[in-house]
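The structure appears right after this line, and notes come after that.
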Amino acid sequence: MSLLATPFLVPINGNMEIVPTKLIEELKSEVSGQVIDRARVIDHLLDLRLQAGDDERFVAAVDDVLGSVPGQNSVETSWWTSTLDVFASLADRLPA
């Protein structure tokens, strides 16, 4: 399963905007154990940011999280799962 999956396109204000819904779902399905490597989390966040394209609200949310990733070497998977849930919720609330 590729982490750089084709993003899900939804109409926003008459234009097709990129919402990385599929990537969020893939990242959530890959979570296992109690911790995940912090560098991997940051890589995944950068992937989400890239797929967000010109969606300023989603990019800003990813940027906020990038600035506050906990831990030095690892991140609790519960934090990562909660963060992905927030991104999924944000993607679901984008205007159609």
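Here's how to read the names in the structure tokens: chain A, B, ... by the order shown, residue numbers from 1 in each chain, ligand numbers from 1 in the order shown.
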
(request) Mind checking which residues fall within 9 Å of Leu66 in chain A, counting only C-alpha atoms, ignoring those fewer than 3 positions away in the same chain, and posting them as a list in words? (result) Ile42, Leu45, Leu46, Ala61, Val62, Asp63 and Val69 of chain A

(request) In Å, rounded to a single decimal, give me how far CA of Phe58 in chain A is from CA of Gly33 in chain A. (result) 27.4 Å

Give me, as a PDB file with C-alpha atoms, in the first residue's frame, all polymer residues having an atom no more than 10 Å from Val41 in chain A, counting only C-alpha atoms and skipping those fewer than 6 positions away in the same chain.
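Wrote it out as around.pdb, contents follow:
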```pdb
ATOM      1  CA  LEU A  27      -1.948   5.905   7.823  1.00  0.00           C
ATOM      2  CA  ASP A  47       3.105  13.755   2.964  1.00  0.00           C
ATOM      3  CA  LEU A  66       4.487  19.716  12.771  1.00  0.00           C
ATOM      4  CA  VAL A  69       5.146  16.681  17.581  1.00  0.00           C
ATOM      5  CA  SER A  74       9.249   8.187  19.374  1.00  0.00           C
ATOM      6  CA  VAL A  75       5.613   9.208  19.584  1.00  0.00           C
ATOM      7  CA  THR A  77       0.499   5.793  18.786  1.00  0.00           C
ATOM      8  CA  TRP A  80      -0.743   9.855  16.349  1.00  0.00           C
TER       9      TRP A  80
END
```

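Coordinates place CA of Asp43 in chain A at a distance of 16.4 Å from CA of Ser29 in chain A.
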
(request) Could you please determine the separation between CA of Asp92 in chain A and CA of Glu76 in chain A in Å, to one decimal place? (result)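 Between CA of Asp92 in chain A and CA of Glu76 in chain A the gap works out to 24.7 Å.
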
(request) Identify which of the residues A:Leu23, A:Ser89, A:Asp55, A:Gln72 lies closest to Val35 in chain A, counting only C-alpha atoms when measuring atom-to-atom distances. (result) A:Gln72

(request) Could you pull out the residues in range 31-69 of chain A that DSSP calls helix (DSSP H, G or I) from the backbone, as a VMD selection string? (result) chain A and resid 38 to 52 56 to 66

Go ahead and save the residues from that selection, with N, CA and C atoms, as a PDB file, in the first residue's frame.
```
ATOM      1  N   ARG A  38       9.378   8.924  15.662  1.00  0.00           N
ATOM      2  CA  ARG A  38       9.028  10.334  15.490  1.00  0.00           C
ATOM      3  C   ARG A  38       9.340  10.821  14.071  1.00  0.00           C
ATOM      4  N   ALA A  39      10.477  10.387  13.527  1.00  0.00           N
ATOM      5  CA  ALA A  39      10.844  10.794  12.162  1.00  0.00           C
ATOM      6  C   ALA A  39       9.815  10.298  11.155  1.00  0.00           C
ATOM      7  N   ARG A  40       9.276   9.108  11.396  1.00  0.00           N
ATOM      8  CA  ARG A  40       8.246   8.564  10.501  1.00  0.00           C
ATOM      9  C   ARG A  40       6.972   9.402  10.577  1.00  0.00           C
ATOM     10  N   VAL A  41       6.595   9.819  11.783  1.00  0.00           N
ATOM     11  CA  VAL A  41       5.423  10.675  11.958  1.00  0.00           C
ATOM     12  C   VAL A  41       5.621  11.982  11.188  1.00  0.00           C
ATOM     13  N   ILE A  42       6.789  12.567  11.310  1.00  0.00           N
ATOM     14  CA  ILE A  42       7.064  13.822  10.611  1.00  0.00           C
ATOM     15  C   ILE A  42       7.012  13.612   9.097  1.00  0.00           C
ATOM     16  N   ASP A  43       7.565  12.504   8.610  1.00  0.00           N
ATOM     17  CA  ASP A  43       7.475  12.197   7.176  1.00  0.00           C
ATOM     18  C   ASP A  43       6.020  12.090   6.725  1.00  0.00           C
ATOM     19  N   HIS A  44       5.205  11.411   7.523  1.00  0.00           N
ATOM     20  CA  HIS A  44       3.788  11.269   7.176  1.00  0.00           C
ATOM     21  C   HIS A  44       3.074  12.626   7.186  1.00  0.00           C
ATOM     22  N   LEU A  45       3.413  13.460   8.144  1.00  0.00           N
ATOM     23  CA  LEU A  45       2.810  14.801   8.192  1.00  0.00           C
ATOM     24  C   LEU A  45       3.199  15.606   6.954  1.00  0.00           C
ATOM     25  N   LEU A  46       4.440  15.482   6.536  1.00  0.00           N
ATOM     26  CA  LEU A  46       4.871  16.187   5.322  1.00  0.00           C
ATOM     27  C   LEU A  46       4.154  15.648   4.085  1.00  0.00           C
ATOM     28  N   ASP A  47       3.894  14.328   4.056  1.00  0.00           N
ATOM     29  CA  ASP A  47       3.105  13.755   2.964  1.00  0.00           C
ATOM     30  C   ASP A  47       1.693  14.339   2.947  1.00  0.00           C
ATOM     31  N   LEU A  48       1.085  14.447   4.136  1.00  0.00           N
ATOM     32  CA  LEU A  48      -0.255  15.034   4.229  1.00  0.00           C
ATOM     33  C   LEU A  48      -0.246  16.487   3.769  1.00  0.00           C
ATOM     34  N   ARG A  49       0.775  17.209   4.179  1.00  0.00           N
ATOM     35  CA  ARG A  49       0.886  18.625   3.797  1.00  0.00           C
ATOM     36  C   ARG A  49       1.004  18.750   2.288  1.00  0.00           C
ATOM     37  N   LEU A  50       1.810  17.912   1.683  1.00  0.00           N
ATOM     38  CA  LEU A  50       1.991  17.932   0.235  1.00  0.00           C
ATOM     39  C   LEU A  50       0.678  17.640  -0.479  1.00  0.00           C
ATOM     40  N   GLN A  51      -0.058  16.654  -0.002  1.00  0.00           N
ATOM     41  CA  GLN A  51      -1.316  16.295  -0.658  1.00  0.00           C
ATOM     42  C   GLN A  51      -2.427  17.305  -0.404  1.00  0.00           C
ATOM     43  N   ALA A  52      -2.272  18.130   0.614  1.00  0.00           N
ATOM     44  CA  ALA A  52      -3.290  19.151   0.890  1.00  0.00           C
ATOM     45  C   ALA A  52      -3.303  20.227  -0.182  1.00  0.00           C
ATOM     46  N   GLU A  56      -5.471  25.981   2.288  1.00  0.00           N
ATOM     47  CA  GLU A  56      -4.745  26.713   3.329  1.00  0.00           C
ATOM     48  C   GLU A  56      -5.117  26.263   4.736  1.00  0.00           C
ATOM     49  N   ARG A  57      -6.378  25.938   4.950  1.00  0.00           N
ATOM     50  CA  ARG A  57      -6.824  25.520   6.276  1.00  0.00           C
ATOM     51  C   ARG A  57      -6.195  24.189   6.683  1.00  0.00           C
ATOM     52  N   PHE A  58      -6.158  23.248   5.741  1.00  0.00           N
ATOM     53  CA  PHE A  58      -5.578  21.945   6.031  1.00  0.00           C
ATOM     54  C   PHE A  58      -4.063  22.062   6.202  1.00  0.00           C
ATOM     55  N   VAL A  59      -3.413  22.836   5.337  1.00  0.00           N
ATOM     56  CA  VAL A  59      -1.966  23.049   5.436  1.00  0.00           C
ATOM     57  C   VAL A  59      -1.622  23.684   6.782  1.00  0.00           C
ATOM     58  N   ALA A  60      -2.406  24.668   7.207  1.00  0.00           N
ATOM     59  CA  ALA A  60      -2.160  25.329   8.498  1.00  0.00           C
ATOM     60  C   ALA A  60      -2.305  24.336   9.649  1.00  0.00           C
ATOM     61  N   ALA A  61      -3.286  23.446   9.563  1.00  0.00           N
ATOM     62  CA  ALA A  61      -3.470  22.443  10.618  1.00  0.00           C
ATOM     63  C   ALA A  61      -2.265  21.506  10.680  1.00  0.00           C
ATOM     64  N   VAL A  62      -1.783  21.079   9.520  1.00  0.00           N
ATOM     65  CA  VAL A  62      -0.602  20.214   9.487  1.00  0.00           C
ATOM     66  C   VAL A  62       0.611  20.964  10.027  1.00  0.00           C
ATOM     67  N   ASP A  63       0.774  22.218   9.643  1.00  0.00           N
ATOM     68  CA  ASP A  63       1.902  23.018  10.131  1.00  0.00           C
ATOM     69  C   ASP A  63       1.871  23.151  11.650  1.00  0.00           C
ATOM     70  N   ASP A  64       0.685  23.355  12.205  1.00  0.00           N
ATOM     71  CA  ASP A  64       0.553  23.446  13.663  1.00  0.00           C
ATOM     72  C   ASP A  64       1.030  22.164  14.338  1.00  0.00           C
ATOM     73  N   VAL A  65       0.628  21.039  13.776  1.00  0.00           N
ATOM     74  CA  VAL A  65       1.021  19.758  14.358  1.00  0.00           C
ATOM     75  C   VAL A  65       2.519  19.519  14.168  1.00  0.00           C
ATOM     76  N   LEU A  66       3.045  19.879  13.004  1.00  0.00           N
ATOM     77  CA  LEU A  66       4.487  19.716  12.771  1.00  0.00           C
ATOM     78  C   LEU A  66       5.313  20.458  13.821  1.00  0.00           C
TER      79      LEU A  66
END
```
